[in-house]
Every structure is written in structure tokens, then in C-alpha cells.
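In what follows, a structure is listed as C-alpha cells, so that the remarks can point back to it.
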Amino acid sequence: MKLPFLCSFFLLISASHAVHAQPPIPRPPDWKDSEGHFINAHGAGFLLHKGVYYLFGEIKKGATWLVPGQSWEDYRVPAGGISCYSSRDLVHWKKEGVALSPLTGDPTHDLDTGRVIERPKVIYNGKTGKFVMWMHVDAKDYSYSRSGVAVSDRPEGPYRYLHSVRPNGNMSRDMTLFKDEDGKAYLVYSSEDNNTMQVCLLSDDYLSPTTTYSRILIDRRREGPALFKAEGKYWLITSDCTGWSPNAATYAVADHPLGPWKEYGNPCTGLGADTTFGTQSTFVLPLPGKKDTFIFMADRWNKLDLERSAYLWLPLTLVDGKPTITGP
Ligand code: GAL
């Protein structure tokens, strides 16, 4: 039986409540694919293509370890590549497999399991007919700070890795992609040692940055960008910069993806709002036919056992021109 999207969403939330009576954080902690395996797709991005949702995320598998000699809690698991799942109703998810495979034995390669592959996002290019994936690739101490690009003829992959870039020579860590209604696409990323974000217009084929970019949220140290469009404006949810530990989100609004952006306070309300309910933003998913309601998607990192990190989905609504994410 097919349920309307929102109805399914709330059923999912209730089911999660029933199974995990405490803590009362709506999330799919027991989120499993159609074969009964836990969904392994962290820092996720979503693509809706021809009525099918594709979920892409970081595969986190194996023992968590602490990179020695860092001034911060640099907990890592092997970079497992990027997974893909598909769904028609956001409830039942089929595992499509590994969309982008990592490799072993070449520590200099961007996709080596000893390095960092995070926050994959995929958009479709109508002109080239290609699916384009961007992701954050890094060295295990995060000094490499680049965005990687991969391409495929099919949404689920496999994706062919092309190259990595520092857009216009600038560092690029936590990132997202945004494709506008006019077909232009933008890369949004934490830059300048995480102090300032940047938004860069991509080339028409979405494979490279252009020289058109802007600096936004200057000196605000924001991460975990999730950009969506509503009511003719652009909205950007970000987290603070505290590694795997949760913190308070903020939202910003602009009339154009390149800005200027004006940052406001925390869109979360209710108990736990000051830590985004124990999570960090990764994506805001529009629901077809629901003009002012979105799904806010976030990661509930388990820094000591990253493979066991969970997910949080909450409805995001625009209330009096303000995005509002209501906690449980
Ligand atoms: C977070 C970032 C994650 C991951 C982590 C590493 O701030 O959002 O994607 O990079 O740091 O500590």
C-alpha cells in the first residue's frame, strides 16, 4: 500500500517512538533496508529522480580510532566509500550498493580507505544526462581540504571518480550541493580553515567550480550546510564547528544562492534545541506538493563508535517566514 509521503513520514516517526520509547527523539535509529540490514549512509544527501528517491551517504564500517597528535577529537573509521539506497515512499529503502568504491593500498589517492570521504551529494545534469556527485575528501588530519567529483550515467552508480579541487584555491571541507530551478548549480562549503563559508557557481556540466563565488557567514565558523528554497528565498541551515559533538544550529536567508546571506538564530525549538536534539545537519528534503513543509535530516554521531552513528529526521516548516524544526 502506498501512503502519502508526509503520512508515511509521521508513521515512521511513531514507529520509531514505539520501538525506542526513550529518549524521545524522533529518528529512525533502527532504520533498515528492505533486506533487514541497518542503513549505512551518513552525512547523507538525497536526489529525487523520476519519482524515486536516492539516498547517498558515507559508509562507516569498522573500529573507530583516534588520530594521534591532533588538538581536537579526530575520531575516524576507515573511509568506506559512498552507499546508495532507493525508495519511492521514503519508508521502504532498497540497497543499491556501493555507489563510489574506496580503494586500499595507495595512501596518496583521494579515495584511499585511510583518508576521509564525507558528505556526498548528487545532482542530475539535464544537459549532459549525467549524475554528478560531489563530496568532501581529505587527509586523516583534515589538512587536504578538497572537494571530490565523480560522475555516472545512472543515479545509483557506479560513479567514476574524476578529480578533487580547491575551488579558486580555497579550502573546502563540509559541503553541500544545490541545484536551482534555472538549472544552475552551486557548491556550498566550509572554507578558510572553517572560519568562513563560500558558495561557488559550478560550470554548466557541474563538474568544475567557476570563478564566480562569494564568501558568506564570514568568521562564523559554520559547518554541516543544508540549503533549500522556499517562498522564493534560499535558506541555509548550518551547525557550529565542534567536531562530532552536537551544537546549536542557525539558519540564514538570501534572495540568491550567492548571497548576501543574513544569519539568524536557531530554527530548532523544544527540549534539546541547543544541541539540534543531539545531531548535526546534513540535508533538507523538499516534499513534492508540500509547499512549506520539508524534512530536516541530521546525523546523530557516535564519536566513540562511528559505525553506530544514527539519524534524525524531523519536519521543518516555515512559520511566519522562519524555518522551524520542532523537537519531540
Ligand atoms: C564535523 C563534520 C563532520 C566530520 C567531523 C570530523 O564537524 O561536520 O562531517 O568531518 O567534523 O570530526
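For the C-alpha cells, the naming scheme is as follows: chains receive sequential letters (A, B, ...) according to their order of presentation, residues are indexed from 1 within each chain, and ligands are indexed from 1 in presentation order.
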Please build the interface table for range 63-143 of chain A against range 149-157 of chain A with a cut-off of 9 Å, listing for each qualifying residue the nearest atom pair and the distance in Å to one decimal; count only C-alpha atoms, order rows by chain and increasing number, and write it as a tab-separated table.
```
residue	atom	partner	partner_atom	distance
A:Ser83	CA	A:Glu156	CA	8.8
A:Cys84	CA	A:Glu156	CA	6.0
A:Tyr85	CA	A:Glu156	CA	7.7
A:Ser86	CA	A:Glu156	CA	8.0
A:Glu96	CA	A:Glu156	CA	6.3
A:Gly97	CA	A:Glu156	CA	7.9
A:Val98	CA	A:Gly157	CA	7.8
A:Ala99	CA	A:Gly157	CA	4.8
A:Leu100	CA	A:Gly157	CA	7.2
A:Val122	CA	A:Pro155	CA	8.3
A:Ile123	CA	A:Pro155	CA	8.9
A:Tyr124	CA	A:Pro155	CA	8.1
A:Gly129	CA	A:Asp153	CA	7.0
A:Lys130	CA	A:Asp153	CA	5.1
A:Phe131	CA	A:Ser152	CA	5.2
A:Val132	CA	A:Val151	CA	4.7
A:Met133	CA	A:Ala150	CA	5.0
A:Trp134	CA	A:Val149	CA	4.6
A:Met135	CA	A:Val149	CA	6.7
```
_Near-range 235-238 of chain A list (9 Å; only C-alpha atoms; drop same-chain fewer than 2 positions) as number ranges by chain_ = A: 222-230, 233, 240, 248-254, 257, 261, 263, 266-267, 280-284, 323
*Using only C-alpha atoms, find the one residue out of A:Gln70, A:Gly265, A:Val77, A:Glu35 that sits nearest to Ser309 in chain A.*
A:Val77
_Point-to-point distance from CA of Leu103 in chain A to CA of Phe46 in chain A, Å rounded to tenths_ =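 Going from CA of Leu103 in chain A over to CA of Phe46 in chain A covers 24.1 Å.
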*Can you tell me which residues come within 8 Å of ligand 1 when counting only C-alpha atoms and all ligand atoms, ideally as an MDAnalysis selection string?*
chainID A and resid 43 73:76 118:119 173:174 223:224 239:245 280
Print the selection's residues with all heavy atoms to a file, as a short mmCIF file (atom, residue, chain, number, x, y, z; two decimals), in the first residue's frame.
```cif
data_model
loop_
_atom_site.label_atom_id
_atom_site.label_comp_id
_atom_site.auth_asym_id
_atom_site.auth_seq_id
_atom_site.Cartn_x
_atom_site.Cartn_y
_atom_site.Cartn_z
N GLY A 43 26.08 11.53 6.82
CA GLY A 43 26.35 12.81 6.14
C GLY A 43 25.62 12.85 4.80
O GLY A 43 26.15 13.33 3.80
N GLU A 73 39.35 16.20 18.74
CA GLU A 73 38.99 14.77 18.80
C GLU A 73 38.80 14.22 17.38
O GLU A 73 37.67 14.11 16.90
CB GLU A 73 37.71 14.59 19.60
CG GLU A 73 37.89 14.89 21.08
CD GLU A 73 36.62 14.62 21.85
OE1 GLU A 73 35.52 14.94 21.35
OE2 GLU A 73 36.72 14.08 22.96
N ASP A 74 39.91 13.85 16.77
CA ASP A 74 39.88 13.39 15.38
C ASP A 74 39.62 11.88 15.34
O ASP A 74 40.49 11.09 15.03
CB ASP A 74 41.20 13.76 14.70
CG ASP A 74 41.18 13.51 13.20
OD1 ASP A 74 40.13 13.09 12.68
OD2 ASP A 74 42.23 13.71 12.56
N TYR A 75 38.38 11.51 15.67
CA TYR A 75 37.99 10.09 15.62
C TYR A 75 37.69 9.70 14.18
O TYR A 75 37.05 10.45 13.45
CB TYR A 75 36.76 9.84 16.49
CG TYR A 75 37.06 9.86 17.96
CD1 TYR A 75 36.70 10.95 18.75
CD2 TYR A 75 37.71 8.79 18.57
CE1 TYR A 75 36.98 10.97 20.11
CE2 TYR A 75 37.99 8.80 19.93
CZ TYR A 75 37.63 9.89 20.69
OH TYR A 75 37.91 9.90 22.03
N ARG A 76 38.14 8.53 13.79
CA ARG A 76 37.98 8.08 12.41
C ARG A 76 37.55 6.62 12.33
O ARG A 76 37.87 5.84 13.22
CB ARG A 76 39.31 8.16 11.63
CG ARG A 76 40.02 9.46 11.62
CD ARG A 76 39.47 10.50 10.68
NE ARG A 76 38.65 9.96 9.63
CZ ARG A 76 37.46 10.49 9.32
NH1 ARG A 76 36.99 11.53 9.95
NH2 ARG A 76 36.75 9.97 8.35
N GLU A 118 33.58 12.25 2.85
CA GLU A 118 32.42 12.65 3.65
C GLU A 118 31.40 13.45 2.86
O GLU A 118 31.71 14.07 1.85
CB GLU A 118 32.87 13.51 4.85
CG GLU A 118 33.63 12.70 5.89
CD GLU A 118 34.06 13.51 7.10
OE1 GLU A 118 34.11 14.74 7.01
OE2 GLU A 118 34.37 12.90 8.13
N ARG A 119 30.16 13.45 3.37
CA ARG A 119 29.05 14.31 2.94
C ARG A 119 28.77 14.30 1.44
O ARG A 119 28.69 15.36 0.81
CB ARG A 119 29.30 15.75 3.44
CG ARG A 119 29.31 15.82 4.95
CD ARG A 119 29.36 17.21 5.50
NE ARG A 119 29.30 17.15 6.96
CZ ARG A 119 28.18 17.17 7.67
NH1 ARG A 119 27.03 17.32 7.07
NH2 ARG A 119 28.22 17.06 8.98
N ARG A 173 35.79 21.99 2.97
CA ARG A 173 35.51 20.84 3.86
C ARG A 173 34.02 20.53 3.84
O ARG A 173 33.49 20.22 2.78
CB ARG A 173 36.05 21.16 5.27
CG ARG A 173 37.57 21.17 5.31
CD ARG A 173 38.09 21.24 6.72
NE ARG A 173 39.54 21.26 6.78
CZ ARG A 173 40.26 22.08 7.55
NH1 ARG A 173 39.65 22.96 8.34
NH2 ARG A 173 41.58 22.04 7.55
N ASP A 174 33.31 20.59 4.98
CA ASP A 174 31.87 20.24 4.97
C ASP A 174 31.18 20.96 3.82
O ASP A 174 31.35 22.17 3.65
CB ASP A 174 31.21 20.68 6.29
CG ASP A 174 31.36 19.67 7.39
OD1 ASP A 174 32.23 18.78 7.27
OD2 ASP A 174 30.62 19.77 8.39
N GLU A 223 29.39 24.82 9.84
CA GLU A 223 29.59 23.55 9.13
C GLU A 223 28.23 22.93 8.80
O GLU A 223 27.19 23.52 9.05
CB GLU A 223 30.35 22.57 10.03
CG GLU A 223 31.80 22.92 10.26
CD GLU A 223 32.53 21.78 10.92
OE1 GLU A 223 31.97 21.12 11.81
OE2 GLU A 223 33.68 21.55 10.55
N GLY A 224 28.27 21.71 8.28
CA GLY A 224 27.04 20.93 8.03
C GLY A 224 26.00 21.69 7.23
O GLY A 224 24.81 21.69 7.58
N SER A 239 25.54 24.10 11.16
CA SER A 239 25.88 23.79 12.56
C SER A 239 27.07 24.66 12.96
O SER A 239 27.72 25.27 12.12
CB SER A 239 26.26 22.32 12.70
OG SER A 239 27.54 22.10 12.12
N ASP A 240 27.35 24.64 14.23
CA ASP A 240 28.59 25.23 14.73
C ASP A 240 29.71 24.23 14.43
O ASP A 240 29.46 23.13 13.90
CB ASP A 240 28.44 25.49 16.24
CG ASP A 240 29.47 26.47 16.77
OD1 ASP A 240 30.38 26.85 16.02
OD2 ASP A 240 29.36 26.84 17.95
N CYS A 241 30.90 24.58 14.79
CA CYS A 241 32.07 23.80 14.41
C CYS A 241 32.67 23.14 15.66
O CYS A 241 33.57 23.70 16.27
CB CYS A 241 33.03 24.81 13.78
SG CYS A 241 34.42 24.12 12.97
N THR A 242 32.11 21.98 16.05
CA THR A 242 32.58 21.31 17.27
C THR A 242 32.84 19.83 17.01
O THR A 242 32.54 18.98 17.85
CB THR A 242 31.55 21.48 18.43
OG1 THR A 242 30.27 21.00 17.97
CG2 THR A 242 31.41 22.92 18.86
N GLY A 243 33.40 19.52 15.84
CA GLY A 243 33.73 18.13 15.53
C GLY A 243 32.50 17.25 15.53
O GLY A 243 31.46 17.62 14.99
N TRP A 244 32.61 16.08 16.18
CA TRP A 244 31.48 15.14 16.20
C TRP A 244 30.47 15.50 17.28
O TRP A 244 29.43 14.84 17.38
CB TRP A 244 31.98 13.72 16.47
CG TRP A 244 32.97 13.18 15.47
CD1 TRP A 244 34.29 12.89 15.70
CD2 TRP A 244 32.74 12.83 14.10
NE1 TRP A 244 34.88 12.41 14.57
CE2 TRP A 244 33.95 12.36 13.56
CE3 TRP A 244 31.62 12.88 13.26
CZ2 TRP A 244 34.08 11.94 12.24
CZ3 TRP A 244 31.75 12.47 11.94
CH2 TRP A 244 32.96 12.00 11.45
N SER A 245 30.77 16.49 18.11
CA SER A 245 29.86 16.82 19.22
C SER A 245 28.78 17.77 18.74
O SER A 245 29.05 18.71 17.99
CB SER A 245 30.64 17.47 20.36
OG SER A 245 31.67 16.60 20.76
N GLN A 280 23.65 16.81 14.00
CA GLN A 280 24.24 17.83 13.13
C GLN A 280 23.58 17.76 11.75
O GLN A 280 23.43 16.67 11.17
CB GLN A 280 25.75 17.57 13.00
CG GLN A 280 26.46 18.63 12.18
CD GLN A 280 27.95 18.32 12.00
OE1 GLN A 280 28.34 17.15 12.00
NE2 GLN A 280 28.74 19.36 11.84
#
```
